[in-house]
Amino acid sequence: MMKLPGSMDQSLLLFALVPVVWIALFERRKKNDSRNTVNDSTTTKNDTTTKKKPSVTLGELDIRRKSQIATGRAMDHRHDTMLYRINDLDLSKTIFSSVKSPMARYMLRQQFGWYPMWSDASVARILALYNEQVPDSPRPIPPEILRFMNEECDFRVEHADGSFMDHLRWCHDFTHCWYKSDALGCDCAPLVLLLHSITGVGTNFFPMKASSLPKLEALLPPAAFKQVVAFPTFLRFLKQRSFIRDLQASSNISQIQSV
């Protein structure tokens with residue numbers, strides 16, 4: 001048998017083993033998923049009479065989000081933190097639960113399965129800047145909106161970073177601090193950002209049922225409602241890049257009044 005150079009035969013061996021290892025891991029995951037499904041169904045049957053839907057809290061602002069709100073921009077915090085792996089990340093409890101591809105789920109864990117540990121000095125610096133720059137009491141969220149989000153929607157899943165409500169709280173507060181002029185004409189931009197994904201996100205998770213649309217419409221100014229319900233469609237235009245290409249091809253882009 002002809003012997004390949006050392007580095008080459010090792011590379012070929014590793015290349016040949018990759019699909020074998022991947023198939024083995026995939027089959028083991030299928031067995032675990034089926035076992036968990038049985039356990040979950042048993043638990044559901046036993047708990048349906050006593051288990052109540054947990055309440056949704058307003059959400060918390062972590063150090064990174066407070067930094068973004070205080071400075072009005074994203075920053076590189078590589079010198080402020082150390083990242084630790086989240087070994088028990090459960091994608092089924094996140095907005096990525098609809099992703100079924102084993103490879104895609106693996107990549108999502110690699111991308112989002114980290115937890116930052118901040119240095120004491122960076123925490124003190126960011127909190128001091130946040131307390132100096134941010135109003136003591138950002139615009140309060142109408143209680144009827146919070147009640148609707150709690151009773152008519154499901155925001156209990158995790159987002160890409162923190163809880164869903166953490167993400168929405170950041171959207172609301174950032175907009176309140178940095179978008180002073182309201183192009184909608186109803187002084188409700190923070191509310192739009194708070195509710196921007198209530199009718200659906202890019203991973204086909206839908207916090208609100210379509211049957212609740214009339215109730216949502218009754219709670220919002222017409223201009224705000226129009227922006228909120230347009231989000232899922234507009235997001236998909238952006239992800240597919242077709243809308244961006246159409247804008248780039250337009251010779252009168254500066255004259256566009258609406259989409």
# chains A, B, ... in the order shown; residues from 1 in each chain; ligands from 1
>>> residues_around(residues="Leu91 in chain A", least_positions_apart="6", cutoff="8 Å", atoms="only C-alpha atoms", output="PyMOL selection string")
chain A and resi 97+105+109
>>> write_last_selection(atoms="C-alpha atoms", output="compact mmCIF listing (two decimals), in the first residue's frame")
# COMPACT_ATOMS: atom_id res chain seq x y z
CA SER A 97 -36.62 26.43 18.63
CA ARG A 105 -28.30 24.21 15.76
CA ARG A 109 -24.75 27.00 20.14
>>> residues_around(residues="Phe225 in chain A", least_positions_apart="2", cutoff="10 Å", atoms="only C-alpha atoms", output="number ranges by chain")
A: 191-192, 195-196, 213, 216-223, 227-230
>>> write_last_selection(atoms="N, CA, C and O atoms", output="PDB file, in the first residue's frame")
ATOM      1  N   LEU A 191     -42.619  52.910  21.865  1.00  0.00           N
ATOM      2  CA  LEU A 191     -43.649  51.879  21.946  1.00  0.00           C
ATOM      3  C   LEU A 191     -43.557  50.932  20.749  1.00  0.00           C
ATOM      4  O   LEU A 191     -43.758  49.722  20.885  1.00  0.00           O
ATOM      5  N   VAL A 192     -43.276  51.490  19.579  1.00  0.00           N
ATOM      6  CA  VAL A 192     -43.117  50.651  18.380  1.00  0.00           C
ATOM      7  C   VAL A 192     -41.959  49.682  18.554  1.00  0.00           C
ATOM      8  O   VAL A 192     -42.063  48.495  18.239  1.00  0.00           O
ATOM      9  N   LEU A 195     -42.756  46.799  20.880  1.00  0.00           N
ATOM     10  CA  LEU A 195     -43.672  45.785  20.323  1.00  0.00           C
ATOM     11  C   LEU A 195     -43.249  45.292  18.946  1.00  0.00           C
ATOM     12  O   LEU A 195     -44.015  44.578  18.292  1.00  0.00           O
ATOM     13  N   HIS A 196     -42.040  45.645  18.504  1.00  0.00           N
ATOM     14  CA  HIS A 196     -41.691  45.432  17.098  1.00  0.00           C
ATOM     15  C   HIS A 196     -41.801  43.978  16.657  1.00  0.00           C
ATOM     16  O   HIS A 196     -42.129  43.703  15.507  1.00  0.00           O
ATOM     17  N   LEU A 213     -54.980  40.465  16.893  1.00  0.00           N
ATOM     18  CA  LEU A 213     -54.640  41.707  16.180  1.00  0.00           C
ATOM     19  C   LEU A 213     -55.625  42.842  16.457  1.00  0.00           C
ATOM     20  O   LEU A 213     -55.197  43.985  16.668  1.00  0.00           O
ATOM     21  N   LEU A 216     -54.745  44.447  19.720  1.00  0.00           N
ATOM     22  CA  LEU A 216     -53.516  45.230  19.639  1.00  0.00           C
ATOM     23  C   LEU A 216     -53.773  46.555  18.927  1.00  0.00           C
ATOM     24  O   LEU A 216     -53.281  47.604  19.359  1.00  0.00           O
ATOM     25  N   GLU A 217     -54.534  46.513  17.865  1.00  0.00           N
ATOM     26  CA  GLU A 217     -54.827  47.729  17.102  1.00  0.00           C
ATOM     27  C   GLU A 217     -55.550  48.758  17.959  1.00  0.00           C
ATOM     28  O   GLU A 217     -55.312  49.970  17.833  1.00  0.00           O
ATOM     29  N   ALA A 218     -56.414  48.296  18.846  1.00  0.00           N
ATOM     30  CA  ALA A 218     -57.169  49.216  19.701  1.00  0.00           C
ATOM     31  C   ALA A 218     -56.270  49.896  20.736  1.00  0.00           C
ATOM     32  O   ALA A 218     -56.639  50.944  21.277  1.00  0.00           O
ATOM     33  N   LEU A 219     -55.092  49.334  20.997  1.00  0.00           N
ATOM     34  CA  LEU A 219     -54.202  49.885  22.013  1.00  0.00           C
ATOM     35  C   LEU A 219     -53.199  50.886  21.451  1.00  0.00           C
ATOM     36  O   LEU A 219     -52.545  51.594  22.231  1.00  0.00           O
ATOM     37  N   LEU A 220     -53.061  50.966  20.125  1.00  0.00           N
ATOM     38  CA  LEU A 220     -51.992  51.761  19.515  1.00  0.00           C
ATOM     39  C   LEU A 220     -52.531  52.836  18.589  1.00  0.00           C
ATOM     40  O   LEU A 220     -53.593  52.659  17.975  1.00  0.00           O
ATOM     41  N   PRO A 221     -51.791  53.938  18.440  1.00  0.00           N
ATOM     42  CA  PRO A 221     -52.120  54.900  17.386  1.00  0.00           C
ATOM     43  C   PRO A 221     -51.996  54.213  16.025  1.00  0.00           C
ATOM     44  O   PRO A 221     -51.176  53.295  15.859  1.00  0.00           O
ATOM     45  N   PRO A 222     -52.773  54.622  15.026  1.00  0.00           N
ATOM     46  CA  PRO A 222     -52.734  53.954  13.713  1.00  0.00           C
ATOM     47  C   PRO A 222     -51.340  53.863  13.106  1.00  0.00           C
ATOM     48  O   PRO A 222     -50.967  52.813  12.562  1.00  0.00           O
ATOM     49  N   ALA A 223     -50.551  54.928  13.224  1.00  0.00           N
ATOM     50  CA  ALA A 223     -49.216  54.911  12.630  1.00  0.00           C
ATOM     51  C   ALA A 223     -48.320  53.887  13.320  1.00  0.00           C
ATOM     52  O   ALA A 223     -47.520  53.202  12.668  1.00  0.00           O
ATOM     53  N   GLN A 227     -46.603  50.191  11.748  1.00  0.00           N
ATOM     54  CA  GLN A 227     -45.183  49.847  11.818  1.00  0.00           C
ATOM     55  C   GLN A 227     -44.978  48.480  12.479  1.00  0.00           C
ATOM     56  O   GLN A 227     -44.153  47.682  12.029  1.00  0.00           O
ATOM     57  N   VAL A 228     -45.721  48.216  13.532  1.00  0.00           N
ATOM     58  CA  VAL A 228     -45.550  46.969  14.277  1.00  0.00           C
ATOM     59  C   VAL A 228     -45.913  45.759  13.425  1.00  0.00           C
ATOM     60  O   VAL A 228     -45.158  44.775  13.361  1.00  0.00           O
ATOM     61  N   VAL A 229     -47.051  45.802  12.742  1.00  0.00           N
ATOM     62  CA  VAL A 229     -47.481  44.632  11.972  1.00  0.00           C
ATOM     63  C   VAL A 229     -46.662  44.453  10.700  1.00  0.00           C
ATOM     64  O   VAL A 229     -46.649  43.368  10.111  1.00  0.00           O
ATOM     65  N   ALA A 230     -45.949  45.503  10.268  1.00  0.00           N
ATOM     66  CA  ALA A 230     -45.118  45.385   9.072  1.00  0.00           C
ATOM     67  C   ALA A 230     -43.774  44.720   9.359  1.00  0.00           C
ATOM     68  O   ALA A 230     -43.092  44.266   8.436  1.00  0.00           O
TER      69      ALA A 230
END
>>> closest_residue(among="A:Phe174, A:Trp114, A:Phe237, A:Tyr106", to="Asn87 in chain A", atoms="only C-alpha atoms")
A:Trp114
>>> residues_around(residues="Leu235 in chain A", least_positions_apart="6", cutoff="12 Å", atoms="only C-alpha atoms", output="mmCIF file with N, CA and C atoms, in the first residue's frame")
data_model
loop_
_atom_site.group_PDB
_atom_site.id
_atom_site.type_symbol
_atom_site.label_atom_id
_atom_site.label_comp_id
_atom_site.auth_asym_id
_atom_site.auth_seq_id
_atom_site.Cartn_x
_atom_site.Cartn_y
_atom_site.Cartn_z
ATOM 1 N N HIS A 196 -42.040 45.645 18.504
ATOM 2 C CA HIS A 196 -41.691 45.432 17.098
ATOM 3 C C HIS A 196 -41.801 43.978 16.657
ATOM 4 N N SER A 197 -41.563 43.019 17.538
ATOM 5 C CA SER A 197 -41.583 41.610 17.116
ATOM 6 C C SER A 197 -42.776 40.843 17.674
ATOM 7 N N THR A 199 -45.691 40.412 16.443
ATOM 8 C CA THR A 199 -46.415 39.634 15.438
ATOM 9 C C THR A 199 -45.530 38.635 14.702
ATOM 10 N N GLY A 200 -44.283 38.466 15.143
ATOM 11 C CA GLY A 200 -43.440 37.441 14.531
ATOM 12 C C GLY A 200 -41.992 37.865 14.420
ATOM 13 N N VAL A 201 -41.079 36.895 14.555
ATOM 14 C CA VAL A 201 -39.651 37.163 14.417
ATOM 15 C C VAL A 201 -39.113 36.360 13.239
ATOM 16 N N GLY A 202 -37.829 36.549 12.952
ATOM 17 C CA GLY A 202 -37.242 35.941 11.756
ATOM 18 C C GLY A 202 -37.137 34.437 11.794
ATOM 19 N N THR A 203 -37.235 33.816 12.982
ATOM 20 C CA THR A 203 -37.137 32.362 13.089
ATOM 21 C C THR A 203 -38.511 31.693 13.118
ATOM 22 N N ASN A 204 -39.549 32.416 12.684
ATOM 23 C CA ASN A 204 -40.916 31.893 12.631
ATOM 24 C C ASN A 204 -41.474 31.556 14.015
ATOM 25 N N GLN A 227 -46.603 50.191 11.748
ATOM 26 C CA GLN A 227 -45.183 49.847 11.818
ATOM 27 C C GLN A 227 -44.978 48.480 12.479
ATOM 28 N N VAL A 228 -45.721 48.216 13.532
ATOM 29 C CA VAL A 228 -45.550 46.969 14.277
ATOM 30 C C VAL A 228 -45.913 45.759 13.425
ATOM 31 N N VAL A 229 -47.051 45.802 12.742
ATOM 32 C CA VAL A 229 -47.481 44.632 11.972
ATOM 33 C C VAL A 229 -46.662 44.453 10.700
ATOM 34 N N ARG A 241 -32.376 39.965 1.090
ATOM 35 C CA ARG A 241 -31.537 40.925 0.347
ATOM 36 C C ARG A 241 -32.210 41.477 -0.901
ATOM 37 N N SER A 242 -33.385 40.967 -1.270
ATOM 38 C CA SER A 242 -34.026 41.453 -2.489
ATOM 39 C C SER A 242 -34.422 42.921 -2.362
ATOM 40 N N PHE A 243 -34.893 43.309 -1.192
ATOM 41 C CA PHE A 243 -35.289 44.688 -0.984
ATOM 42 C C PHE A 243 -34.081 45.624 -1.070
ATOM 43 N N ILE A 244 -32.969 45.208 -0.492
ATOM 44 C CA ILE A 244 -31.744 46.011 -0.546
ATOM 45 C C ILE A 244 -31.285 46.172 -1.992
#
>>> atom_distance(atom1="CA of Asp166 in chain A", atom2="CA of Ile63 in chain A")
11.8 Å
>>> select_by_dssp(residues="range 77-155 of chain A", states="alpha helix (DSSP H)", output="CSV table (one decimal) with N, CA, C and O atoms, in the first residue's frame")
chain,number,residue,atom,x,y,z
A,102,PRO,N,-29.4,19.9,12.3
A,102,PRO,CA,-28.4,19.7,13.3
A,102,PRO,C,-27.2,20.6,13.2
A,102,PRO,O,-26.6,21.1,14.2
A,103,MET,N,-26.8,20.8,11.9
A,103,MET,CA,-25.6,21.7,11.7
A,103,MET,C,-25.9,23.2,12.1
A,103,MET,O,-25.1,23.8,12.8
A,104,ALA,N,-27.1,23.6,11.8
A,104,ALA,CA,-27.5,25.0,12.1
A,104,ALA,C,-27.6,25.2,13.6
A,104,ALA,O,-27.2,26.2,14.2
A,105,ARG,N,-28.2,24.1,14.3
A,105,ARG,CA,-28.3,24.2,15.8
A,105,ARG,C,-26.9,24.2,16.4
A,105,ARG,O,-26.7,24.9,17.4
A,106,TYR,N,-26.0,23.4,15.9
A,106,TYR,CA,-24.6,23.4,16.4
A,106,TYR,C,-24.0,24.8,16.2
A,106,TYR,O,-23.4,25.2,17.2
A,107,MET,N,-24.2,25.4,15.1
A,107,MET,CA,-23.6,26.7,14.9
A,107,MET,C,-24.2,27.8,15.8
A,107,MET,O,-23.5,28.7,16.3
A,108,LEU,N,-25.5,27.6,16.1
A,108,LEU,CA,-26.2,28.6,17.0
A,108,LEU,C,-25.6,28.4,18.4
A,108,LEU,O,-25.4,29.4,19.1
A,109,ARG,N,-25.4,27.2,18.8
A,109,ARG,CA,-24.7,27.0,20.1
A,109,ARG,C,-23.3,27.6,20.2
A,109,ARG,O,-22.9,28.2,21.2
A,110,GLN,N,-22.6,27.4,19.1
A,110,GLN,CA,-21.3,28.0,19.1
A,110,GLN,C,-21.3,29.5,19.1
A,110,GLN,O,-20.4,30.2,19.7
A,111,GLN,N,-22.3,30.1,18.5
A,111,GLN,CA,-22.4,31.6,18.4
A,111,GLN,C,-23.0,32.2,19.7
A,111,GLN,O,-22.5,33.2,20.2
A,112,PHE,N,-24.0,31.6,20.3
A,112,PHE,CA,-24.7,32.2,21.4
A,112,PHE,C,-24.4,31.5,22.7
A,112,PHE,O,-24.9,32.1,23.8
A,120,ASP,N,-14.6,44.3,37.5
A,120,ASP,CA,-15.2,45.2,38.5
A,120,ASP,C,-15.0,46.7,37.9
A,120,ASP,O,-15.9,47.5,38.1
A,121,ALA,N,-13.8,46.9,37.4
A,121,ALA,CA,-13.6,48.3,36.9
A,121,ALA,C,-14.5,48.7,35.7
A,121,ALA,O,-15.0,49.8,35.7
A,122,SER,N,-14.7,47.7,34.8
A,122,SER,CA,-15.6,48.1,33.7
A,122,SER,C,-17.1,48.2,34.1
A,122,SER,O,-17.8,49.1,33.6
A,123,VAL,N,-17.5,47.4,35.1
A,123,VAL,CA,-18.9,47.6,35.6
A,123,VAL,C,-19.0,48.9,36.3
A,123,VAL,O,-20.0,49.6,36.0
A,124,ALA,N,-18.1,49.3,37.1
A,124,ALA,CA,-18.2,50.7,37.7
A,124,ALA,C,-18.2,51.8,36.7
A,124,ALA,O,-18.9,52.7,36.8
A,125,ARG,N,-17.3,51.7,35.7
A,125,ARG,CA,-17.3,52.7,34.6
A,125,ARG,C,-18.6,52.8,33.9
A,125,ARG,O,-19.1,53.9,33.6
A,126,ILE,N,-19.1,51.7,33.4
A,126,ILE,CA,-20.3,51.7,32.6
A,126,ILE,C,-21.5,52.2,33.4
A,126,ILE,O,-22.4,53.0,33.0
A,127,LEU,N,-21.6,51.7,34.7
A,127,LEU,CA,-22.8,52.1,35.5
A,127,LEU,C,-22.7,53.6,35.8
A,127,LEU,O,-23.8,54.3,35.8
A,128,ALA,N,-21.5,54.2,36.0
A,128,ALA,CA,-21.4,55.6,36.3
A,128,ALA,C,-21.8,56.4,35.1
A,128,ALA,O,-22.6,57.4,35.2
A,129,LEU,N,-21.4,55.9,33.9
A,129,LEU,CA,-21.8,56.6,32.6
A,129,LEU,C,-23.3,56.5,32.4
A,129,LEU,O,-24.0,57.5,32.0
A,130,TYR,N,-23.9,55.3,32.7
A,130,TYR,CA,-25.3,55.1,32.5
A,130,TYR,C,-26.1,56.0,33.4
A,130,TYR,O,-27.1,56.6,33.0
A,131,ASN,N,-25.7,56.1,34.7
A,131,ASN,CA,-26.5,56.9,35.6
A,131,ASN,C,-26.4,58.4,35.3
A,131,ASN,O,-27.3,59.2,35.6
A,132,GLU,N,-25.3,58.8,34.6
A,132,GLU,CA,-25.1,60.2,34.3
A,132,GLU,C,-25.9,60.5,33.0
A,132,GLU,O,-26.4,61.6,32.9
A,133,GLN,N,-25.9,59.6,32.0
A,133,GLN,CA,-26.5,60.0,30.7
A,133,GLN,C,-28.0,59.7,30.6
A,133,GLN,O,-28.7,60.3,29.8
A,143,PRO,N,-49.7,50.6,31.3
A,143,PRO,CA,-50.0,49.3,31.9
A,143,PRO,C,-50.9,48.4,31.1
A,143,PRO,O,-50.8,47.2,31.1
A,144,GLU,N,-51.7,49.0,30.2
A,144,GLU,CA,-52.6,48.2,29.4
A,144,GLU,C,-51.8,47.4,28.3
A,144,GLU,O,-52.1,46.3,27.9
A,145,ILE,N,-50.6,48.0,27.9
A,145,ILE,CA,-49.7,47.4,27.0
A,145,ILE,C,-49.1,46.2,27.6
A,145,ILE,O,-49.0,45.1,27.1
A,146,LEU,N,-48.5,46.4,28.8
A,146,LEU,CA,-47.9,45.3,29.6
A,146,LEU,C,-48.9,44.2,29.9
A,146,LEU,O,-48.6,43.0,29.8
A,147,ARG,N,-50.1,44.6,30.2
A,147,ARG,CA,-51.2,43.5,30.5
A,147,ARG,C,-51.4,42.7,29.2
A,147,ARG,O,-51.6,41.5,29.3
A,148,PHE,N,-51.5,43.4,28.1
A,148,PHE,CA,-51.7,42.7,26.8
A,148,PHE,C,-50.6,41.7,26.5
A,148,PHE,O,-50.8,40.6,26.1
A,149,MET,N,-49.3,42.2,26.7
A,149,MET,CA,-48.2,41.4,26.4
A,149,MET,C,-48.1,40.1,27.4
A,149,MET,O,-47.7,39.1,27.0
A,150,ASN,N,-48.7,40.3,28.5
A,150,ASN,CA,-48.7,39.2,29.5
A,150,ASN,C,-49.8,38.2,29.3
A,150,ASN,O,-49.6,37.0,29.4
A,151,GLU,N,-51.0,38.7,28.9
A,151,GLU,CA,-52.1,37.9,28.8
A,151,GLU,C,-52.4,37.3,27.4
A,151,GLU,O,-53.0,36.3,27.2
>>> closest_residue(among="A:Phe155, A:Thr175, A:Arg65, A:Asp76", to="Lys93 in chain A", atoms="only C-alpha atoms")
A:Phe155
